[in-house]
Every structure is written in C-alpha cells, then in structure tokens.
>>> print(open('run-v1.txt').read())   # compact mmCIF, C-alpha atoms
# COMPACT_ATOMS: atom_id res chain seq x y z
CA MET B 1 20.28 152.77 82.20
CA ASN B 2 18.47 150.32 79.98
CA THR B 3 18.14 151.90 76.57
CA THR B 4 16.50 148.89 74.94
CA ALA B 5 12.78 148.68 74.35
CA TYR B 6 12.54 145.07 75.46
CA GLN B 7 13.18 143.02 78.58
CA ARG B 8 14.86 139.65 78.73
CA MET B 9 12.81 136.83 80.19
CA THR B 10 13.61 135.67 83.70
CA ARG B 11 14.58 132.06 84.23
CA ASP B 12 11.07 131.31 85.47
CA GLN B 13 9.50 133.03 82.48
CA MET B 14 11.68 130.90 80.20
CA ALA B 15 10.63 127.78 82.07
CA ALA B 16 6.98 128.73 81.79
CA ARG B 17 7.41 129.32 78.05
CA VAL B 18 8.91 125.83 77.59
CA ALA B 19 6.23 124.25 79.77
CA ARG B 20 3.51 125.75 77.55
CA ASP B 21 4.78 123.63 74.64
CA ILE B 22 4.72 120.29 76.44
CA PRO B 23 1.43 118.56 75.71
CA GLU B 24 -0.82 116.30 77.71
CA GLY B 25 0.49 112.75 77.94
CA ALA B 26 4.10 113.58 77.11
CA TYR B 27 7.07 111.68 78.53
CA VAL B 28 9.70 114.29 79.31
CA ASN B 29 13.25 114.38 80.61
CA LEU B 30 14.40 117.67 82.12
CA GLY B 31 18.14 118.22 82.20
CA ILE B 32 20.08 119.44 85.20
CA GLY B 33 20.07 123.18 85.93
CA LEU B 34 17.78 125.61 84.12
CA PRO B 35 15.59 122.87 82.51
CA THR B 36 14.71 121.52 85.95
CA LEU B 37 12.67 124.71 86.52
CA VAL B 38 10.25 123.64 83.79
CA ALA B 39 8.74 121.11 86.20
CA ASN B 40 7.45 123.98 88.36
CA HIS B 41 5.49 125.43 85.45
CA LEU B 42 3.84 122.42 83.87
CA PRO B 43 0.10 123.14 83.63
CA ALA B 44 -1.78 121.36 86.41
CA ASP B 45 -4.50 120.24 84.01
CA ARG B 46 -2.10 118.14 81.93
CA GLU B 47 -0.76 114.71 82.88
CA ILE B 48 2.92 114.88 81.96
CA ILE B 49 5.27 112.11 83.00
CA ILE B 50 8.78 113.10 84.03
CA HIS B 51 11.56 110.64 83.27
CA SER B 52 14.82 110.78 85.16
CA GLU B 53 17.66 108.78 83.66
CA ASN B 54 18.77 107.20 86.91
CA GLY B 55 15.70 104.99 86.59
CA VAL B 56 12.34 106.57 87.33
CA LEU B 57 9.18 107.52 85.44
CA GLY B 58 6.63 109.68 87.22
CA ALA B 59 9.06 111.76 89.25
CA GLY B 60 7.22 114.20 91.48
CA PRO B 61 8.22 117.38 93.29
CA ALA B 62 10.81 117.52 96.05
CA PRO B 63 9.55 116.19 99.37
CA GLU B 64 9.48 118.09 102.61
CA LYS B 65 12.75 117.72 104.47
CA HIS B 66 11.56 115.08 106.93
CA LEU B 67 10.28 112.90 104.08
CA ILE B 68 13.53 112.80 102.10
CA ASP B 69 14.44 109.23 101.08
CA PRO B 70 18.09 108.73 100.06
CA ASP B 71 16.99 105.92 97.73
CA LEU B 72 14.65 108.25 95.83
CA MET B 73 16.46 110.89 93.84
CA ASN B 74 16.62 112.31 90.34
CA ALA B 75 19.55 112.43 87.92
CA GLY B 76 20.69 115.67 89.53
CA LYS B 77 20.91 113.68 92.77
CA GLN B 78 18.20 115.83 94.34
CA PRO B 79 15.50 114.17 96.45
CA ILE B 80 12.18 113.68 94.67
CA THR B 81 8.83 112.01 95.27
CA LEU B 82 7.10 109.41 93.13
CA LEU B 83 3.68 110.10 91.66
CA ALA B 84 0.96 107.44 91.73
CA GLY B 85 1.58 105.36 88.62
CA GLY B 86 5.32 105.94 88.75
CA SER B 87 7.83 103.15 88.20
CA PHE B 88 11.47 102.20 88.71
CA PHE B 89 13.80 100.40 86.30
CA HIS B 90 17.49 99.76 85.79
CA HIS B 91 19.89 101.92 83.83
CA ALA B 92 19.93 99.92 80.59
CA ASP B 93 16.13 100.13 80.38
CA SER B 94 16.23 103.80 81.28
CA PHE B 95 18.56 104.60 78.40
CA ALA B 96 16.62 102.32 76.06
CA MET B 97 13.72 104.70 76.68
CA MET B 98 15.82 107.52 75.22
CA ARG B 99 17.89 105.79 72.56
CA GLY B 100 14.92 103.70 71.49
CA GLY B 101 12.89 106.80 70.71
CA HIS B 102 10.26 106.32 73.41
CA LEU B 103 10.82 109.61 75.19
CA ASP B 104 8.81 112.47 73.66
CA TYR B 105 10.80 115.48 74.83
CA CYS B 106 13.99 116.36 76.54
CA VAL B 107 14.94 119.83 77.65
CA LEU B 108 18.68 120.44 77.88
CA GLY B 109 20.92 123.31 78.82
CA ALA B 110 23.65 124.28 76.37
CA PHE B 111 26.87 126.18 75.87
CA GLN B 112 26.19 126.53 72.14
CA VAL B 113 23.73 125.49 69.46
CA ALA B 114 24.70 125.74 65.80
CA VAL B 115 22.40 126.74 62.95
CA ASN B 116 22.32 123.12 61.79
CA GLY B 117 21.14 121.90 65.21
CA ASP B 118 24.51 120.73 66.49
CA LEU B 119 24.60 120.85 70.28
CA ALA B 120 27.53 121.51 72.62
CA ASN B 121 26.67 121.20 76.29
CA TRP B 122 29.01 118.75 78.02
CA HIS B 123 32.55 120.05 77.97
CA THR B 124 34.26 123.39 77.54
CA GLY B 125 37.37 121.62 76.31
CA GLY B 126 39.44 123.82 78.62
CA PRO B 127 42.86 122.40 79.54
CA ASP B 128 42.03 122.20 83.24
CA ALA B 129 38.44 121.03 82.82
CA ILE B 130 37.66 117.49 83.95
CA PRO B 131 35.25 116.17 81.33
CA ALA B 132 31.92 114.69 82.42
CA VAL B 133 29.17 113.72 80.01
CA GLY B 134 26.52 111.77 81.92
CA GLY B 135 23.40 111.14 79.85
CA ALA B 136 23.66 114.26 77.69
CA MET B 137 24.69 112.45 74.50
CA ASP B 138 21.95 109.84 74.88
CA LEU B 139 19.28 112.49 75.46
CA ALA B 140 20.52 114.58 72.56
CA ILE B 141 20.11 111.80 70.01
CA GLY B 142 17.34 109.89 71.71
CA ALA B 143 14.33 112.06 72.51
CA LYS B 144 11.79 112.62 69.72
CA SER B 145 12.05 116.37 70.29
CA VAL B 146 15.13 117.99 71.76
CA PHE B 147 14.55 121.40 73.30
CA VAL B 148 17.44 123.56 74.38
CA MET B 149 17.00 126.19 77.05
CA MET B 150 19.73 128.75 77.54
CA GLU B 151 20.52 132.44 77.80
CA HIS B 152 20.76 133.94 74.36
CA LEU B 153 24.10 135.62 75.02
CA THR B 154 27.13 134.78 77.10
CA ARG B 155 28.18 137.13 79.88
CA GLU B 156 30.53 138.68 77.36
CA GLY B 157 27.59 139.37 75.05
CA GLU B 158 28.43 136.72 72.48
CA SER B 159 25.63 134.73 70.92
CA LYS B 160 25.30 131.13 72.08
CA ILE B 161 23.56 130.41 68.79
CA VAL B 162 26.46 130.06 66.39
CA LYS B 163 27.40 129.17 62.81
CA ALA B 164 29.38 126.20 64.05
CA CYS B 165 30.03 125.05 67.62
CA THR B 166 33.49 125.80 68.95
CA TYR B 167 32.98 123.65 72.04
CA PRO B 168 33.10 119.84 71.74
CA LEU B 169 29.85 118.46 70.35
CA THR B 170 27.26 116.54 72.35
CA GLY B 171 25.31 115.52 69.27
CA MET B 172 25.09 116.41 65.58
CA GLY B 173 22.02 118.10 64.17
CA CYS B 174 19.94 117.00 67.12
CA VAL B 175 18.28 120.19 68.40
CA ASN B 176 14.70 120.90 67.32
CA ARG B 177 13.92 124.09 69.20
CA ILE B 178 15.85 126.70 71.17
CA TYR B 179 14.33 128.67 74.04
CA THR B 180 16.34 131.67 75.12
CA ASP B 181 15.64 134.68 77.29
CA LEU B 182 14.96 136.60 74.07
CA ALA B 183 13.25 134.25 71.66
CA VAL B 184 11.97 130.82 70.70
CA ILE B 185 13.70 129.57 67.59
CA ASP B 186 13.10 126.42 65.56
CA VAL B 187 15.90 124.56 63.81
CA THR B 188 14.57 123.68 60.37
CA ALA B 189 16.04 122.23 57.21
CA GLU B 190 15.91 125.76 55.79
CA GLY B 191 17.76 127.28 58.75
CA LEU B 192 16.69 128.96 61.97
CA ALA B 193 13.14 130.27 62.22
CA VAL B 194 11.95 132.62 64.96
CA VAL B 195 8.72 131.37 66.51
CA ASP B 196 8.33 134.30 68.86
CA CYS B 197 10.41 136.76 70.78
CA VAL B 198 10.08 139.11 73.73
CA PRO B 199 7.86 142.16 73.19
CA GLY B 200 9.66 145.15 71.74
CA LEU B 201 12.49 143.16 70.19
CA SER B 202 12.55 143.41 66.40
CA LEU B 203 13.71 140.59 64.17
CA GLU B 204 16.44 142.91 62.87
CA GLU B 205 17.77 143.51 66.37
CA LEU B 206 17.55 139.80 67.21
CA VAL B 207 19.53 138.95 64.06
CA ARG B 208 22.11 141.59 64.98
CA LEU B 209 22.53 140.13 68.48
CA THR B 210 22.61 136.55 67.24
CA GLY B 211 24.98 137.02 64.33
CA VAL B 212 23.51 134.25 62.21
CA PRO B 213 20.66 134.33 59.69
CA LEU B 214 17.19 134.07 61.24
CA ARG B 215 13.86 134.26 59.52
CA ALA B 216 10.43 134.84 60.93
CA MET B 217 8.25 131.78 61.21
CA LEU B 218 5.43 132.56 58.82
CA GLU B 219 2.97 129.80 59.55
CA THR B 220 1.04 129.93 62.80
CA ARG B 221 1.90 127.08 65.12
CA ASP B 222 -0.72 125.19 67.02
CA MET J 1 21.73 72.84 99.38
CA ILE J 2 22.47 76.08 97.58
CA ASP J 3 23.42 78.76 100.03
CA LYS J 4 24.85 82.00 98.64
CA ILE J 5 24.55 83.81 101.94
CA VAL J 6 27.94 85.02 103.18
CA PRO J 7 27.81 86.30 106.74
CA SER J 8 30.32 89.12 106.42
CA ALA J 9 31.38 91.62 103.79
CA ALA J 10 35.02 90.79 104.58
CA GLU J 11 34.54 87.14 103.58
CA ALA J 12 32.56 88.12 100.53
CA VAL J 13 35.35 90.26 99.04
CA ALA J 14 38.32 88.22 100.29
CA ASP J 15 39.28 86.83 96.86
CA ILE J 16 39.33 90.11 94.93
CA ARG J 17 42.89 90.21 93.59
CA ASP J 18 45.14 93.11 92.70
CA GLY J 19 44.37 94.29 89.18
CA ALA J 20 40.79 93.01 89.18
CA THR J 21 38.04 94.79 87.28
CA VAL J 22 35.31 95.64 89.75
CA MET J 23 31.92 97.07 88.87
CA ILE J 24 30.44 99.10 91.68
CA GLY J 25 26.73 99.84 91.67
CA GLY J 26 25.13 103.08 92.70
CA PHE J 27 24.19 106.38 91.18
CA GLY J 28 25.65 108.98 93.45
CA THR J 29 25.05 107.51 96.87
CA ALA J 30 21.78 105.66 96.05
CA GLY J 31 22.60 101.99 95.69
CA MET J 32 26.24 102.44 96.66
CA PRO J 33 27.39 99.21 98.36
CA ASN J 34 29.24 100.92 101.19
CA ALA J 35 29.75 97.83 103.36
CA LEU J 36 31.36 95.90 100.50
CA ILE J 37 33.55 98.83 99.53
CA ASP J 38 34.70 99.32 103.12
CA ALA J 39 35.57 95.62 103.24
CA LEU J 40 37.47 95.94 99.96
CA ILE J 41 39.45 98.87 101.35
CA ALA J 42 40.31 96.83 104.45
CA GLN J 43 41.21 93.81 102.31
CA GLY J 44 43.89 95.81 100.50
CA ALA J 45 43.51 94.93 96.79
CA ARG J 46 45.04 97.56 94.55
CA ASP J 47 45.55 98.50 90.89
CA LEU J 48 41.82 97.99 90.49
CA VAL J 49 39.84 98.93 87.41
CA VAL J 50 36.52 100.30 88.61
CA VAL J 51 33.29 100.75 86.67
CA ASN J 52 30.73 103.12 88.17
CA ASN J 53 28.59 105.96 86.87
CA ASN J 54 30.45 108.53 88.93
CA ALA J 55 33.88 108.83 90.46
CA GLY J 56 32.96 109.02 94.09
CA ASN J 57 30.87 111.43 96.11
CA GLY J 58 32.05 112.89 99.39
CA ASP J 59 34.36 110.74 101.51
CA THR J 60 32.58 107.39 101.71
CA GLY J 61 32.10 104.39 99.43
CA LEU J 62 33.87 104.68 96.08
CA ALA J 63 35.36 108.05 97.09
CA ALA J 64 37.10 106.36 100.02
CA LEU J 65 38.47 103.62 97.74
CA LEU J 66 39.86 106.30 95.41
CA LYS J 67 41.33 108.24 98.31
CA GLU J 68 43.25 105.12 99.35
CA LYS J 69 44.75 105.05 95.82
CA ARG J 70 43.55 101.54 95.10
CA VAL J 71 42.15 102.37 91.69
CA ARG J 72 44.35 102.42 88.59
CA LYS J 73 41.60 103.20 86.11
CA ILE J 74 37.96 104.21 86.25
CA LEU J 75 35.27 103.87 83.59
CA CYS J 76 32.43 106.27 84.25
CA SER J 77 30.16 108.86 82.68
CA PHE J 78 30.13 111.68 85.18
CA PRO J 79 33.28 112.01 87.29
CA ARG J 80 33.23 115.73 87.96
CA GLN J 81 30.84 116.81 90.69
CA VAL J 82 30.84 119.27 93.54
CA ASP J 83 31.86 116.49 95.92
CA SER J 84 34.27 114.48 93.73
CA GLN J 85 37.34 116.02 95.31
CA HIS J 86 39.24 112.75 95.77
CA PHE J 87 38.91 111.82 92.11
CA ASP J 88 39.68 115.37 90.99
CA ALA J 89 42.95 115.40 92.95
CA LEU J 90 44.07 112.02 91.55
CA TYR J 91 43.11 113.00 88.01
CA ARG J 92 44.93 116.31 88.15
CA ALA J 93 48.00 114.56 89.58
CA GLY J 94 47.91 112.02 86.74
CA GLU J 95 47.45 109.19 89.21
CA ILE J 96 44.30 107.70 87.72
CA GLU J 97 43.26 106.79 84.21
CA LEU J 98 39.79 107.89 83.10
CA GLU J 99 37.71 106.29 80.36
CA LEU J 100 34.76 108.62 79.93
CA VAL J 101 31.70 106.84 78.52
CA PRO J 102 28.30 108.38 77.75
CA GLN J 103 25.94 107.10 80.41
CA GLY J 104 23.68 105.08 78.12
CA ASN J 105 26.68 103.54 76.37
CA LEU J 106 28.08 102.64 79.76
CA ALA J 107 24.82 100.93 80.74
CA GLU J 108 24.46 99.14 77.41
CA ARG J 109 28.10 98.00 77.36
CA ILE J 110 27.55 96.48 80.80
CA ARG J 111 24.27 94.92 79.71
CA ALA J 112 25.89 93.58 76.53
CA ALA J 113 28.59 91.84 78.56
CA GLY J 114 25.95 90.15 80.68
CA ALA J 115 23.90 89.20 77.64
CA GLY J 116 26.79 87.70 75.67
CA ILE J 117 26.77 90.39 72.99
CA GLY J 118 30.14 90.92 71.27
CA GLY J 119 29.53 94.56 70.39
CA PHE J 120 26.75 96.84 69.25
CA PHE J 121 26.17 99.91 67.12
CA THR J 122 24.78 102.89 69.01
CA PRO J 123 23.85 106.35 67.76
CA THR J 124 24.98 107.93 71.03
CA GLY J 125 28.19 109.88 70.73
CA TYR J 126 28.43 109.75 66.94
CA GLY J 127 30.45 112.67 65.65
CA THR J 128 31.75 113.61 69.10
CA GLN J 129 35.13 113.40 70.82
CA LEU J 130 33.96 110.32 72.70
CA ALA J 131 33.61 108.37 69.46
CA GLU J 132 36.93 109.42 67.94
CA GLY J 133 38.80 106.51 66.39
CA LYS J 134 35.85 104.15 66.77
CA GLU J 135 34.34 102.13 63.96
CA THR J 136 31.15 103.63 62.56
CA ARG J 137 28.44 102.38 60.27
CA VAL J 138 25.39 103.79 58.52
CA ILE J 139 22.34 101.62 59.11
CA ASP J 140 19.06 102.65 57.47
CA GLY J 141 20.49 106.10 56.89
CA ARG J 142 21.50 106.70 60.48
CA HIS J 143 25.03 106.94 61.87
CA TYR J 144 26.16 104.52 64.55
CA VAL J 145 29.31 103.89 66.58
CA LEU J 146 30.60 100.43 67.44
CA GLU J 147 30.89 99.88 71.18
CA TYR J 148 32.18 96.81 72.97
CA PRO J 149 30.93 95.12 76.14
CA ILE J 150 32.48 95.78 79.54
CA HIS J 151 33.14 92.58 81.44
CA ALA J 152 34.16 92.47 85.07
CA ASP J 153 35.68 90.04 87.49
CA PHE J 154 33.44 91.22 90.30
CA ALA J 155 30.34 93.33 90.75
CA LEU J 156 29.63 94.91 94.11
CA ILE J 157 26.03 96.00 94.32
CA ARG J 158 23.43 96.94 96.90
CA ALA J 159 19.97 95.42 96.83
CA ASP J 160 17.06 95.57 99.26
CA ARG J 161 16.16 91.94 99.93
CA GLY J 162 17.82 88.71 98.90
CA ASP J 163 17.46 84.99 99.50
CA ARG J 164 19.92 82.09 99.64
CA TRP J 165 19.50 81.39 95.93
CA GLY J 166 20.66 84.95 95.17
CA ASN J 167 17.31 86.36 94.07
CA LEU J 168 17.21 90.12 94.63
CA THR J 169 14.79 93.00 94.89
CA TYR J 170 15.83 96.62 94.98
CA ARG J 171 14.58 99.80 96.55
CA LYS J 172 13.44 102.77 94.41
CA THR J 173 16.18 104.51 92.41
CA ALA J 174 18.86 102.56 94.27
CA ARG J 175 18.24 99.87 91.63
CA ASN J 176 20.14 101.83 88.93
CA PHE J 177 23.14 99.72 87.76
CA GLY J 178 22.61 96.76 90.11
CA PRO J 179 20.74 94.38 87.80
CA ILE J 180 23.02 94.85 84.78
CA MET J 181 26.26 94.78 86.76
CA ALA J 182 25.16 91.54 88.38
CA MET J 183 24.84 90.07 84.88
CA ALA J 184 28.16 91.40 83.59
CA ALA J 185 30.51 90.16 86.30
CA ARG J 186 31.90 86.67 86.74
CA CYS J 187 31.21 87.04 90.46
CA ALA J 188 28.40 89.33 91.58
CA ILE J 189 28.27 90.14 95.26
CA ALA J 190 25.15 91.80 96.62
CA GLU J 191 24.90 93.45 99.97
CA VAL J 192 21.28 93.46 101.08
CA ARG J 193 19.27 95.18 103.75
CA GLU J 194 17.62 91.91 104.62
CA VAL J 195 17.98 88.22 103.84
CA VAL J 196 14.65 86.44 103.59
CA GLU J 197 13.58 82.79 103.47
CA LEU J 198 13.47 81.06 100.10
CA GLY J 199 9.98 81.66 98.71
CA ALA J 200 9.42 84.87 100.63
CA LEU J 201 10.21 87.04 97.60
CA ASP J 202 7.28 87.29 95.22
CA PRO J 203 8.60 85.61 92.06
CA GLU J 204 6.78 88.26 90.00
CA ALA J 205 8.73 90.95 91.82
CA VAL J 206 12.22 89.44 91.68
CA VAL J 207 14.33 91.89 89.66
CA THR J 208 17.63 90.02 89.57
CA PRO J 209 17.18 86.25 89.38
CA GLY J 210 19.68 84.33 91.46
CA ILE J 211 21.50 82.87 88.45
CA PHE J 212 23.34 86.21 88.15
CA VAL J 213 24.39 86.39 91.80
CA LYS J 214 27.14 84.45 93.57
CA ARG J 215 27.12 85.94 97.08
CA VAL J 216 24.56 87.70 99.25
CA VAL J 217 25.67 89.59 102.33
CA PRO J 218 23.18 90.88 104.90
CA VAL J 219 24.30 94.33 106.06
CA GLY J 220 21.12 95.98 107.30
CA SER J 221 19.99 99.48 106.44
CA ALA J 222 22.55 101.73 104.78
>>> encode(input="run-v1.txt", output="structure tokens")
Amino acid sequence: MNTTAYQRMTRDQMAARVARDIPEGAYVNLGIGLPTLVANHLPADREIIIHSENGVLGAGPAPEKHLIDPDLMNAGKQPITLLAGGSFFHHADSFAMMRGGHLDYCVLGAFQVAVNGDLANWHTGGPDAIPAVGGAMDLAIGAKSVFVMMEHLTREGESKIVKACTYPLTGMGCVNRIYTDLAVIDVTAEGLAVVDCVPGLSLEELVRLTGVPLRAMLETRD
Amino acid sequence: MIDKIVPSAAEAVADIRDGATVMIGGFGTAGMPNALIDALIAQGARDLVVVNNNAGNGDTGLAALLKEKRVRKILCSFPRQVDSQHFDALYRAGEIELELVPQGNLAERIRAAGAGIGGFFTPTGYGTQLAEGKETRVIDGRHYVLEYPIHADFALIRADRGDRWGNLTYRKTARNFGPIMAMAARCAIAEVREVVELGALDPEAVVTPGIFVKRVVPVGSA
C-alpha cells in the first residue's frame, strides 16, 4: 500500500514537463531512450527544430511502416521523417553544431548527476561492460543548455543525484537542469535549487530521498 | 580522359593490403558500403584497422568483416548495440583492439586528417576516462584536450550518384561520414547507386568534389 502523499510522474508526464520548457524556435537534440519521448509532447503551436547527430535538422515523427526509408533515420537508428525546411549534413558539421555552441538544448538520460553538474551517463564501468560513448560527451559540453531526464531513484532506492559521481564521467559541470519523476532541479553556482516538485511532496522529504542539500528556488521563473 | 569509374567492387578493392587502415562509412546501416565490404571479405585482406562509428550491426557489412576476423583494431564511438554480437564476441575473447572515441572527436579527427590539420584542442571528453593521459590546455578559461587526426589508406563509402570525375551526392542521413572519410583517406572508393554523365550533377549540389575520390563503383540500390 502506498503510504506516501504524492505520486511519481510517469515517463510521459516527465516528457511533457520537459517539453513545456523548450521555447519557440529552439534547436534541440533529444538523447536516446527517455528523452526521445519529449518529441511527442512538444506544443504544436511552437516551431521547434529537432537535431539528430547522425546528420539531420528538422527530424519529424516516425513514418508509417510502408513509408520507412532505410536512409532516413535518427541517432537511435529509428526511422524518422523530415519536416519541410529540414536539412542533411555530414558528421563533422553535425558535431560542429554541438561543440560550436549552436544547439540550444539537449536532453540526455543519466546514471548520475552530481551537485556540481557533473554528468555520468555513458558507462557503468562494470568489468564485463563493453564501453560505448557515441555523441554523449559532445552533447554534454556542447549544447547551450543541458537538460537531464531520469528517475530520481535507482531501483534500489538510491538517489541518482549525488555528491560526486561514482560512475565514469561524461562531462564536468555540464548539467543545467535535472528533470526527475519527483522534481525539477536547477544546478546553480550556489548548489541545487528545486524549481518544482510533484504535488504532496515536501522539500524536506525530497531532501531526505535525495541525500544532498537542496534549496527551494525563490524567484519565479518565466 | 579522367575516368574514375571502376566496373566492379572486386577490382576497386583489389589493392587493399594486409594491415591497411580502412575507413568505412555508414551510421548503423545507413550509408554502409555493403558491396565494397563484401568484395573486401572475398579479397582476403586481414589485420585491418577499421574506422567506423559503430562496430557492426547484424550479420552484414562491417559485422560480416568482423565475423571473418579480418580486423585487428577498430576505432569507433558506439560499439555496443543490441545487434553487435560479432564485435562483442571478439572483444570479450580479446581478439580485437578497441579505441573508443567520442563521436564528435571521431568526426573531427577524420576531418582534420583530410584538411591537413596536425591536431586540435577540443572540449569534448575533458576530465573523462577517454581523455586520460592526453595533453590538455586552458584556452580563454575553458579546458581542452589535444586530439590528433586519423589518416587512412582507404575509405570505403556509399554515395547516391557519382560521375567519372568522382563527384558525389548522397542520400538523406546515409551521408553521415562519407564526405569526411573521402577527404581523410589516400584512396577513397565510393560505391554509388548510379553513375551519371559528367555535367549531370548540379554543381551546386555536389557534396564531395571529385578531388577527394579515386574510384567510383556503380552497385545499384542497396
């Protein structure tokens, strides 16, 4: 029986919460997995351009099965469509868009985020794990704003927001905002600040679950 | 008369020697030059050093080359995937060397080789395992890692249309690494869906100018 007074957000609710913060005109890269869901929740009245690092701007939704084109896929190797105004380019240009600071937002999954904004999302470091990094390190240091989207707690109930990452780092001090199934938290020079959290969850309880200092964001955000 | 058209993939790859460094285009299966890879497998060269974003998908293309144990070392960003079983088996058996490179560094190192750059400082990977032991520098207050170009003896790429001067166009996200690998290799070999008459390609739409390409092989649709 659930004895808590609050409910965790579903994956779609998390995606909708992230989508709310992506403004008109933004160039956005959505990482593989949970972040991909954000595309389904982008407000229809905003023009938002999705970048995929394999070389496309203006990626559109998945096509119907009979329209799948093996030459048109996203970085997750899933079939996509191209919106009017979309474009193709080679890999060096694609990563120049990130590293060169042209991309407004990226949304990444994570194993851990540290209070100083360090991100770990590419490798568990396990002895049998085959490491694979892809574009994670480029996105982490390249986008103007780096959003992380992840469950607040591991299956074992440990906080994924940590004092210092124990998994190998993807980037140092690169995360701007964390979206979890419990809260939205900004990484600031003064530490972590809670922007909002699910109804019924007190700051005290959130701090207890998270195990690192959190303060309430005082100023109202636009 | 300049004529870079080679009628068969077998002729095009005939001079790839044991121990050669071979860049192979493609992101997943999009842009994978399957005809050239099949010809390389049949040709028998071994101890190859391969550069590709991935380490083979499924059983065809690069995966087939790995399965035949022709590859001594692979440079890539994302080897581990649901369908990378041939690489996984070799890696776990210690039968292949892996140099894991963040995807944007991989692209830029390839581009740098083609552009005659001796090395470059990139923010990607700074402070992570993948930059351990590498020279770093602070430029305008930001941390960078020194990365070196990746040169190759051969590049095997897939393009859409080509002419006898070696000019190439690509199709959608199958472009990915093709243009930069063509620049970085001493001998770039492009398999194309279609060879067209000189002048038939709109000069404004040529993506890889023929100066970067040595051989063009018509192979039809993938």
>>> atom_distance(input="run-v1.txt", atom1="CA of Ile178 (chain B)", atom2="CA of Lys77 (chain B)")
25.7 Å
>>> atom_distance(input="run-v1.txt", atom1="CA of Ala55 (chain J)", atom2="CA of Phe78 (chain J)")
7.1 Å
>>> closest_atom_pairs(input="run-v1.txt", of="region 68-148 of chain B", to="region 85-105 of chain J", cutoff="7 Å", atoms="all atoms listed in the file", output="JSON lines")
{"residue": "B:Ala92", "atom": "CA", "partner": "J:Gly104", "partner_atom": "CA", "distance": 6.8}
{"residue": "B:Phe95", "atom": "CA", "partner": "J:Gly104", "partner_atom": "CA", "distance": 5.2}
{"residue": "B:Val133", "atom": "CA", "partner": "J:Pro102", "partner_atom": "CA", "distance": 5.9}
{"residue": "B:Gly134", "atom": "CA", "partner": "J:Gln103", "partner_atom": "CA", "distance": 4.9}
{"residue": "B:Gly135", "atom": "CA", "partner": "J:Gln103", "partner_atom": "CA", "distance": 4.8}
{"residue": "B:Met137", "atom": "CA", "partner": "J:Pro102", "partner_atom": "CA", "distance": 6.3}
{"residue": "B:Asp138", "atom": "CA", "partner": "J:Gly104", "partner_atom": "CA", "distance": 6.0}
>>> residues_around(input="run-v1.txt", residues="Leu30 (chain B)", least_positions_apart="5", cutoff="9 Å", atoms="all atoms listed in the file", output="list in words")
Pro35, Thr36, Leu37, Val38, Ala39, Ile50, His51, Ser52, Tyr105, Cys106, Val107 and Leu108 of chain B
>>> closest_atom_pairs(input="run-v1.txt", of="chain J", to="chain B", cutoff="6 Å", atoms="only C-alpha atoms", output="CSV")
residue,atom,partner,partner_atom,distance
J:Ala30,CA,B:Asp71,CA,5.1
J:Ser77,CA,B:Gly134,CA,4.7
J:Phe78,CA,B:Ala132,CA,4.5
J:Pro79,CA,B:Ala132,CA,5.7
J:Arg80,CA,B:Ala132,CA,5.8
J:Pro102,CA,B:Gly134,CA,5.7
J:Gln103,CA,B:Gly135,CA,4.8
J:Gly104,CA,B:Phe95,CA,5.2
J:Ala107,CA,B:Ala92,CA,5.0
J:Glu108,CA,B:Ala92,CA,5.6
J:Thr124,CA,B:Asp138,CA,5.3
J:Gly125,CA,B:Met137,CA,5.8
J:Thr128,CA,B:Leu169,CA,5.4
J:Lys172,CA,B:Leu72,CA,5.8
J:Thr173,CA,B:Leu72,CA,5.3
J:Ala174,CA,B:Asp71,CA,5.2
J:Arg175,CA,B:His90,CA,5.9
J:Asn176,CA,B:His90,CA,4.6
J:Phe177,CA,B:His91,CA,5.6
>>> atom_distance(input="run-v1.txt", atom1="CA of Glu205 (chain B)", atom2="CA of Thr4 (chain B)")
10.2 Å
>>> residues_around(input="run-v1.txt", residues="Ala26 (chain B)", least_positions_apart="3", cutoff="9 Å", atoms="all atoms listed in the file", output="PyMOL selection string")
chain B and resi 22-23+47-50+103-105
>>> write_last_selection(input="run-v1.txt", atoms="C-alpha atoms", output="mmCIF file, in the frame of the given file")
data_model
loop_
_atom_site.group_PDB
_atom_site.id
_atom_site.type_symbol
_atom_site.label_atom_id
_atom_site.label_comp_id
_atom_site.auth_asym_id
_atom_site.auth_seq_id
_atom_site.Cartn_x
_atom_site.Cartn_y
_atom_site.Cartn_z
ATOM 1 C CA ILE B 22 4.720 120.290 76.440
ATOM 2 C CA PRO B 23 1.430 118.560 75.710
ATOM 3 C CA GLU B 47 -0.760 114.710 82.880
ATOM 4 C CA ILE B 48 2.920 114.880 81.960
ATOM 5 C CA ILE B 49 5.270 112.110 83.000
ATOM 6 C CA ILE B 50 8.780 113.100 84.030
ATOM 7 C CA LEU B 103 10.820 109.610 75.190
ATOM 8 C CA ASP B 104 8.810 112.470 73.660
ATOM 9 C CA TYR B 105 10.800 115.480 74.830
#
>>> decode(input="run-v1.txt", residues="region 141-172 of chain B", atoms="C-alpha atoms", output="PDB file, in the first residue's frame")
ATOM      1  CA  ILE B 141      29.697  20.039 -23.319  1.00  0.00           C
ATOM      2  CA  GLY B 142      28.206  21.463 -26.479  1.00  0.00           C
ATOM      3  CA  ALA B 143      24.561  22.432 -26.081  1.00  0.00           C
ATOM      4  CA  LYS B 144      23.821  25.851 -24.587  1.00  0.00           C
ATOM      5  CA  SER B 145      21.512  24.198 -22.052  1.00  0.00           C
ATOM      6  CA  VAL B 146      21.926  20.604 -20.975  1.00  0.00           C
ATOM      7  CA  PHE B 147      18.817  19.016 -19.502  1.00  0.00           C
ATOM      8  CA  VAL B 148      18.971  15.646 -17.836  1.00  0.00           C
ATOM      9  CA  MET B 149      15.902  13.463 -17.606  1.00  0.00           C
ATOM     10  CA  MET B 150      15.982  10.464 -15.306  1.00  0.00           C
ATOM     11  CA  GLU B 151      14.200   8.653 -12.498  1.00  0.00           C
ATOM     12  CA  HIS B 152      15.042  10.263  -9.205  1.00  0.00           C
ATOM     13  CA  LEU B 153      15.962   6.982  -7.526  1.00  0.00           C
ATOM     14  CA  THR B 154      17.532   3.756  -8.683  1.00  0.00           C
ATOM     15  CA  ARG B 155      15.563   0.531  -8.368  1.00  0.00           C
ATOM     16  CA  GLU B 156      17.359   0.040  -5.074  1.00  0.00           C
ATOM     17  CA  GLY B 157      16.050   3.398  -3.868  1.00  0.00           C
ATOM     18  CA  GLU B 158      19.350   5.245  -4.072  1.00  0.00           C
ATOM     19  CA  SER B 159      19.387   8.812  -5.302  1.00  0.00           C
ATOM     20  CA  LYS B 160      20.761   9.357  -8.796  1.00  0.00           C
ATOM     21  CA  ILE B 161      21.535  12.913  -7.748  1.00  0.00           C
ATOM     22  CA  VAL B 162      24.774  12.522  -5.826  1.00  0.00           C
ATOM     23  CA  LYS B 163      27.552  14.424  -4.064  1.00  0.00           C
ATOM     24  CA  ALA B 164      30.063  13.106  -6.571  1.00  0.00           C
ATOM     25  CA  CYS B 165      29.537  10.689  -9.459  1.00  0.00           C
ATOM     26  CA  THR B 166      30.790   7.163  -8.850  1.00  0.00           C
ATOM     27  CA  TYR B 167      30.306   6.161 -12.489  1.00  0.00           C
ATOM     28  CA  PRO B 168      32.775   7.393 -15.134  1.00  0.00           C
ATOM     29  CA  LEU B 169      32.071  10.992 -16.127  1.00  0.00           C
ATOM     30  CA  THR B 170      30.577  12.095 -19.433  1.00  0.00           C
ATOM     31  CA  GLY B 171      31.292  15.757 -18.789  1.00  0.00           C
ATOM     32  CA  MET B 172      32.304  18.024 -15.916  1.00  0.00           C
TER      33      MET B 172
END
